[in-house]
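Heads up, the thing below is written out as structure tokens.
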Amino acid sequence: MKTVAAIVALVSVLAMSGQSVDFAAAKLRPVNREVSRAQDRGGIHVSAKEGPGVVWIDGTDFSEGTIEVDVRGKDVMQQSFVGVAFHRKDDQTYESVYVRPFNFQATDPARHNHAVQYMQVPAFDWPILREKFPEEFERPVGASIKPTDWVHLRVVVRGRIQIFVGPVTTPTLDVRKLGDLGRGMVGLWVGNNSDGDFADLRITPAL
């Protein structure tokens, strides 16, 4: 168990320099999932289970700034949803950005356009957004990104939500912020019946 001093030290490092989070040293709190070491990259693997799952990083307190992480899913229809959660109010109330790798190179236009998603649960879960605001909070990703690749995900929160997927310099998705959550813990997120790998998490607060 991490001491209070260790958690304070972690928060201080993140606040000052946006250092990468060391998964081996950080206190991870899984919700509806199990965590193990990933096969490569020094990352972690989050198991699959019915319903969404989050691995919260205790000691993080994020408001605005940038969250970066490398994620790896799989090319299995409706069983690969991987991303990040932030602004945690409780285990069911937070914002999330995630990708659907099985849609990266889909030939069906509707699926292709649903490769990256932003949402705020439970008020603005993806089915609600797709019904009330079709195509506003989802976008395709670059054609070169493969479903089984490690994918760099960068989320910039500064009034709006800007999401960069892969080696791009312009946002893949740039949308208005949903809801009124202002700050809270950061976590690694997986969707229903989905597992995933995560590496190189970096949190940089806005100055």
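Ordering of the structure tokens sets the chain letters (A, B, ...), residue numbers begin anew at 1 in every chain, and ligands are numbered from 1 in the order given.
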
Could you pull out all residues of stretch 19-199 of chain A with a DSSP call of helix (DSSP H, G or I) and give them as a PDB file with N, CA and C atoms, in the first residue's frame?
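Saved to part-v8.pdb:
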```
ATOM      1  N   PRO A 101     -10.895  -0.130 -32.120  1.00  0.00           N
ATOM      2  CA  PRO A 101      -9.958  -0.606 -33.143  1.00  0.00           C
ATOM      3  C   PRO A 101     -10.608  -1.402 -34.266  1.00  0.00           C
ATOM      4  N   PHE A 102     -11.668  -2.139 -33.977  1.00  0.00           N
ATOM      5  CA  PHE A 102     -12.319  -2.947 -35.009  1.00  0.00           C
ATOM      6  C   PHE A 102     -12.989  -2.089 -36.085  1.00  0.00           C
ATOM      7  N   ASN A 103     -13.110  -0.788 -35.823  1.00  0.00           N
ATOM      8  CA  ASN A 103     -13.664   0.129 -36.823  1.00  0.00           C
ATOM      9  C   ASN A 103     -12.597   0.931 -37.566  1.00  0.00           C
ATOM     10  N   PRO A 109     -19.078   2.733 -44.219  1.00  0.00           N
ATOM     11  CA  PRO A 109     -18.864   4.128 -43.823  1.00  0.00           C
ATOM     12  C   PRO A 109     -19.320   4.448 -42.403  1.00  0.00           C
ATOM     13  N   ALA A 110     -20.450   3.891 -41.990  1.00  0.00           N
ATOM     14  CA  ALA A 110     -20.956   4.175 -40.643  1.00  0.00           C
ATOM     15  C   ALA A 110     -19.988   3.680 -39.581  1.00  0.00           C
ATOM     16  N   ARG A 111     -19.510   2.447 -39.739  1.00  0.00           N
ATOM     17  CA  ARG A 111     -18.549   1.904 -38.780  1.00  0.00           C
ATOM     18  C   ARG A 111     -17.241   2.687 -38.820  1.00  0.00           C
ATOM     19  N   HIS A 112     -16.776   2.994 -40.016  1.00  0.00           N
ATOM     20  CA  HIS A 112     -15.508   3.711 -40.174  1.00  0.00           C
ATOM     21  C   HIS A 112     -15.537   5.046 -39.426  1.00  0.00           C
ATOM     22  N   TRP A 126     -22.552   6.908 -24.911  1.00  0.00           N
ATOM     23  CA  TRP A 126     -22.490   6.929 -26.381  1.00  0.00           C
ATOM     24  C   TRP A 126     -23.824   6.679 -27.078  1.00  0.00           C
ATOM     25  N   PRO A 127     -24.727   5.799 -26.578  1.00  0.00           N
ATOM     26  CA  PRO A 127     -26.000   5.635 -27.300  1.00  0.00           C
ATOM     27  C   PRO A 127     -26.834   6.920 -27.320  1.00  0.00           C
ATOM     28  N   ILE A 128     -26.791   7.668 -26.211  1.00  0.00           N
ATOM     29  CA  ILE A 128     -27.526   8.932 -26.142  1.00  0.00           C
ATOM     30  C   ILE A 128     -26.941   9.931 -27.135  1.00  0.00           C
ATOM     31  N   LEU A 129     -25.612  10.009 -27.171  1.00  0.00           N
ATOM     32  CA  LEU A 129     -24.952  10.946 -28.087  1.00  0.00           C
ATOM     33  C   LEU A 129     -25.224  10.592 -29.541  1.00  0.00           C
ATOM     34  N   ARG A 130     -25.174   9.310 -29.856  1.00  0.00           N
ATOM     35  CA  ARG A 130     -25.387   8.905 -31.247  1.00  0.00           C
ATOM     36  C   ARG A 130     -26.818   9.182 -31.688  1.00  0.00           C
ATOM     37  N   GLU A 131     -27.757   9.095 -30.759  1.00  0.00           N
ATOM     38  CA  GLU A 131     -29.160   9.365 -31.091  1.00  0.00           C
ATOM     39  C   GLU A 131     -29.441  10.866 -31.188  1.00  0.00           C
ATOM     40  N   LYS A 132     -28.951  11.643 -30.200  1.00  0.00           N
ATOM     41  CA  LYS A 132     -29.298  13.056 -30.128  1.00  0.00           C
ATOM     42  C   LYS A 132     -28.340  13.956 -30.904  1.00  0.00           C
TER      43      LYS A 132
END
```

Apply DSSP to the backbone of this structure and, from chain A, keep only the residues in strand (DSSP E or B); write these as number ranges by chain. A: 20, 28-31, 35-37, 44-46, 53-57, 62, 65-72, 82-90, 93-99, 116-121, 124, 138-139, 151-158, 160-165, 173-176, 184, 187-190, 196-205

Could those residues be written to a file, using C-alpha atoms, as an mmCIF file, in the first residue's frame?
```
data_model
loop_
_atom_site.group_PDB
_atom_site.id
_atom_site.type_symbol
_atom_site.label_atom_id
_atom_site.label_comp_id
_atom_site.auth_asym_id
_atom_site.auth_seq_id
_atom_site.Cartn_x
_atom_site.Cartn_y
_atom_site.Cartn_z
ATOM 1 C CA SER A 20 4.986 9.558 -17.045
ATOM 2 C CA LEU A 28 -3.946 1.190 -9.255
ATOM 3 C CA ARG A 29 -7.580 0.723 -8.290
ATOM 4 C CA PRO A 30 -9.446 -1.498 -10.760
ATOM 5 C CA VAL A 31 -13.233 -1.330 -11.001
ATOM 6 C CA VAL A 35 -4.859 -5.917 -13.989
ATOM 7 C CA SER A 36 -1.721 -7.816 -15.012
ATOM 8 C CA ARG A 37 1.578 -7.019 -16.706
ATOM 9 C CA ILE A 44 -0.314 -3.321 -18.115
ATOM 10 C CA HIS A 45 -3.098 -5.511 -19.411
ATOM 11 C CA VAL A 46 -6.697 -4.905 -18.310
ATOM 12 C CA GLY A 53 -14.219 -1.137 -16.515
ATOM 13 C CA VAL A 54 -11.822 1.500 -15.219
ATOM 14 C CA VAL A 55 -8.406 1.290 -13.578
ATOM 15 C CA TRP A 56 -8.141 4.493 -11.554
ATOM 16 C CA ILE A 57 -4.700 5.940 -10.774
ATOM 17 C CA PHE A 62 -6.687 16.343 -13.225
ATOM 18 C CA GLY A 65 -4.176 19.904 -19.562
ATOM 19 C CA THR A 66 -3.112 16.844 -21.521
ATOM 20 C CA ILE A 67 -3.452 13.100 -20.995
ATOM 21 C CA GLU A 68 -1.369 10.840 -23.218
ATOM 22 C CA VAL A 69 -1.261 7.045 -23.332
ATOM 23 C CA ASP A 70 -0.474 4.259 -25.766
ATOM 24 C CA VAL A 71 -3.319 1.758 -26.115
ATOM 25 C CA ARG A 72 -3.635 -1.569 -27.894
ATOM 26 C CA VAL A 82 -9.843 1.120 -25.095
ATOM 27 C CA GLY A 83 -9.097 4.601 -23.812
ATOM 28 C CA VAL A 84 -8.927 6.878 -20.791
ATOM 29 C CA ALA A 85 -11.326 8.177 -18.163
ATOM 30 C CA PHE A 86 -10.946 11.490 -16.331
ATOM 31 C CA HIS A 87 -12.772 13.990 -14.103
ATOM 32 C CA ARG A 88 -13.998 11.157 -11.852
ATOM 33 C CA LYS A 89 -16.894 12.033 -9.561
ATOM 34 C CA ASP A 90 -17.486 8.368 -8.672
ATOM 35 C CA THR A 93 -19.703 9.286 -13.262
ATOM 36 C CA TYR A 94 -16.761 10.559 -15.330
ATOM 37 C CA GLU A 95 -15.658 11.609 -18.813
ATOM 38 C CA SER A 96 -14.031 9.215 -21.248
ATOM 39 C CA VAL A 97 -12.240 9.158 -24.587
ATOM 40 C CA TYR A 98 -11.718 5.842 -26.322
ATOM 41 C CA VAL A 99 -11.113 4.126 -29.646
ATOM 42 C CA VAL A 116 -12.953 7.384 -31.778
ATOM 43 C CA GLN A 117 -15.499 8.537 -29.198
ATOM 44 C CA TYR A 118 -15.834 11.151 -26.440
ATOM 45 C CA MET A 119 -18.571 10.831 -23.808
ATOM 46 C CA GLN A 120 -19.550 11.733 -20.244
ATOM 47 C CA VAL A 121 -21.350 9.006 -18.339
ATOM 48 C CA PHE A 124 -24.093 11.483 -22.099
ATOM 49 C CA GLU A 138 -17.298 10.372 -33.085
ATOM 50 C CA ARG A 139 -14.781 10.404 -35.942
ATOM 51 C CA VAL A 151 -1.873 3.567 -30.853
ATOM 52 C CA HIS A 152 -0.871 6.864 -29.285
ATOM 53 C CA LEU A 153 -3.887 8.651 -27.799
ATOM 54 C CA ARG A 154 -3.563 12.289 -26.731
ATOM 55 C CA VAL A 155 -6.452 14.115 -25.070
ATOM 56 C CA VAL A 156 -6.232 17.876 -24.590
ATOM 57 C CA VAL A 157 -8.750 19.416 -22.187
ATOM 58 C CA ARG A 158 -8.890 23.209 -22.341
ATOM 59 C CA ARG A 160 -13.024 22.006 -25.372
ATOM 60 C CA ILE A 161 -11.926 18.400 -25.847
ATOM 61 C CA GLN A 162 -9.323 17.780 -28.542
ATOM 62 C CA ILE A 163 -8.347 14.193 -29.332
ATOM 63 C CA PHE A 164 -5.305 13.159 -31.371
ATOM 64 C CA VAL A 165 -5.151 9.509 -32.466
ATOM 65 C CA LEU A 173 -11.860 14.950 -32.956
ATOM 66 C CA ASP A 174 -12.421 18.482 -31.618
ATOM 67 C CA VAL A 175 -15.663 18.896 -29.650
ATOM 68 C CA ARG A 176 -17.393 20.872 -26.946
ATOM 69 C CA GLY A 184 -10.915 14.328 -10.614
ATOM 70 C CA GLY A 187 -8.051 6.139 -15.200
ATOM 71 C CA LEU A 188 -7.540 3.579 -17.948
ATOM 72 C CA TRP A 189 -10.859 2.641 -19.541
ATOM 73 C CA VAL A 190 -12.181 -0.427 -21.359
ATOM 74 C CA GLY A 196 -6.736 -3.923 -23.615
ATOM 75 C CA ASP A 197 -3.085 -3.030 -23.116
ATOM 76 C CA PHE A 198 -1.828 0.327 -21.857
ATOM 77 C CA ALA A 199 1.656 1.868 -21.737
ATOM 78 C CA ASP A 200 3.383 5.225 -21.256
ATOM 79 C CA LEU A 201 0.643 7.142 -19.458
ATOM 80 C CA ARG A 202 1.574 10.788 -19.074
ATOM 81 C CA ILE A 203 -0.497 13.504 -17.395
ATOM 82 C CA THR A 204 0.450 17.150 -17.904
ATOM 83 C CA PRO A 205 -1.679 19.751 -16.094
#
```

Straight-line distance linking atom CA of A:Thr107 with atom CA of A:Asn192, stated in Å to one decimal: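 Computing it gives 23.2 Å between the two atoms.
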
Out of A:Pro167, A:Leu207, A:Gly191, A:Val186, which residue has the shortest atom-to-atom distance to A:Asn32 when counting only C-alpha atoms? A:Gly191

Could you name the residues that touch stretch 193-195 of chain A at 8 Å or less, counting only C-alpha atoms, but leaving out those on the same chain fewer than 5 positions away, as JSON, numbers by chain? {"A": [45, 46, 47, 48, 49, 50, 51, 52, 73, 78, 79, 80, 81, 82]}

If you keep N, CA and C atoms, can you produce a file of those selected residues as a PDB file, in the first residue's frame?
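Dumped everything to out-v7.pdb:
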```
ATOM      1  N   HIS A  45      -1.961  -4.950 -18.691  1.00  0.00           N
ATOM      2  CA  HIS A  45      -3.098  -5.511 -19.411  1.00  0.00           C
ATOM      3  C   HIS A  45      -4.317  -5.451 -18.506  1.00  0.00           C
ATOM      4  N   VAL A  46      -5.428  -4.981 -19.041  1.00  0.00           N
ATOM      5  CA  VAL A  46      -6.697  -4.905 -18.310  1.00  0.00           C
ATOM      6  C   VAL A  46      -7.622  -5.971 -18.894  1.00  0.00           C
ATOM      7  N   SER A  47      -8.158  -6.816 -18.040  1.00  0.00           N
ATOM      8  CA  SER A  47      -8.924  -7.984 -18.481  1.00  0.00           C
ATOM      9  C   SER A  47     -10.290  -7.606 -19.040  1.00  0.00           C
ATOM     10  N   ALA A  48     -10.908  -8.559 -19.729  1.00  0.00           N
ATOM     11  CA  ALA A  48     -12.253  -8.382 -20.280  1.00  0.00           C
ATOM     12  C   ALA A  48     -13.305  -8.859 -19.283  1.00  0.00           C
ATOM     13  N   LYS A  49     -14.461  -8.220 -19.326  1.00  0.00           N
ATOM     14  CA  LYS A  49     -15.584  -8.599 -18.476  1.00  0.00           C
ATOM     15  C   LYS A  49     -16.821  -7.872 -18.984  1.00  0.00           C
ATOM     16  N   GLU A  50     -17.966  -8.377 -18.646  1.00  0.00           N
ATOM     17  CA  GLU A  50     -19.206  -7.702 -19.044  1.00  0.00           C
ATOM     18  C   GLU A  50     -19.295  -6.341 -18.372  1.00  0.00           C
ATOM     19  N   GLY A  51     -19.714  -5.346 -19.144  1.00  0.00           N
ATOM     20  CA  GLY A  51     -19.827  -3.987 -18.635  1.00  0.00           C
ATOM     21  C   GLY A  51     -18.516  -3.231 -18.773  1.00  0.00           C
ATOM     22  N   PRO A  52     -18.557  -1.906 -18.613  1.00  0.00           N
ATOM     23  CA  PRO A  52     -17.329  -1.116 -18.694  1.00  0.00           C
ATOM     24  C   PRO A  52     -16.444  -1.334 -17.476  1.00  0.00           C
ATOM     25  N   GLY A  73      -5.710  -2.495 -28.689  1.00  0.00           N
ATOM     26  CA  GLY A  73      -6.894  -3.337 -28.646  1.00  0.00           C
ATOM     27  C   GLY A  73      -6.744  -4.512 -29.586  1.00  0.00           C
ATOM     28  N   GLN A  78     -17.086  -5.451 -31.716  1.00  0.00           N
ATOM     29  CA  GLN A  78     -17.790  -5.175 -30.466  1.00  0.00           C
ATOM     30  C   GLN A  78     -17.098  -5.728 -29.219  1.00  0.00           C
ATOM     31  N   GLN A  79     -15.791  -6.021 -29.331  1.00  0.00           N
ATOM     32  CA  GLN A  79     -15.063  -6.512 -28.162  1.00  0.00           C
ATOM     33  C   GLN A  79     -13.716  -5.811 -27.996  1.00  0.00           C
ATOM     34  N   SER A  80     -13.642  -4.579 -28.447  1.00  0.00           N
ATOM     35  CA  SER A  80     -12.400  -3.833 -28.279  1.00  0.00           C
ATOM     36  C   SER A  80     -12.696  -2.341 -28.180  1.00  0.00           C
ATOM     37  N   PHE A  81     -12.721  -1.853 -26.955  1.00  0.00           N
ATOM     38  CA  PHE A  81     -12.953  -0.437 -26.663  1.00  0.00           C
ATOM     39  C   PHE A  81     -11.901  -0.044 -25.630  1.00  0.00           C
ATOM     40  N   VAL A  82     -10.953   0.802 -25.999  1.00  0.00           N
ATOM     41  CA  VAL A  82      -9.843   1.120 -25.095  1.00  0.00           C
ATOM     42  C   VAL A  82      -9.582   2.623 -25.092  1.00  0.00           C
TER      43      VAL A  82
END
```

Rounded to one decimal, what separation in Å do you get between atom CA of A:Ala25 and atom CA of A:Gln92?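 So the answer is 25.5 Å.
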
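In this model, the gap between atom CA of A:Ala115 and atom CA of A:Phe23 comes to 26.8 Å.
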
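Restricting the calculation to only C-alpha atoms, the smallest distance between A:Gly166 and any of A:Glu64, A:Val21, A:Val141, A:Met185 is found for A:Val141.
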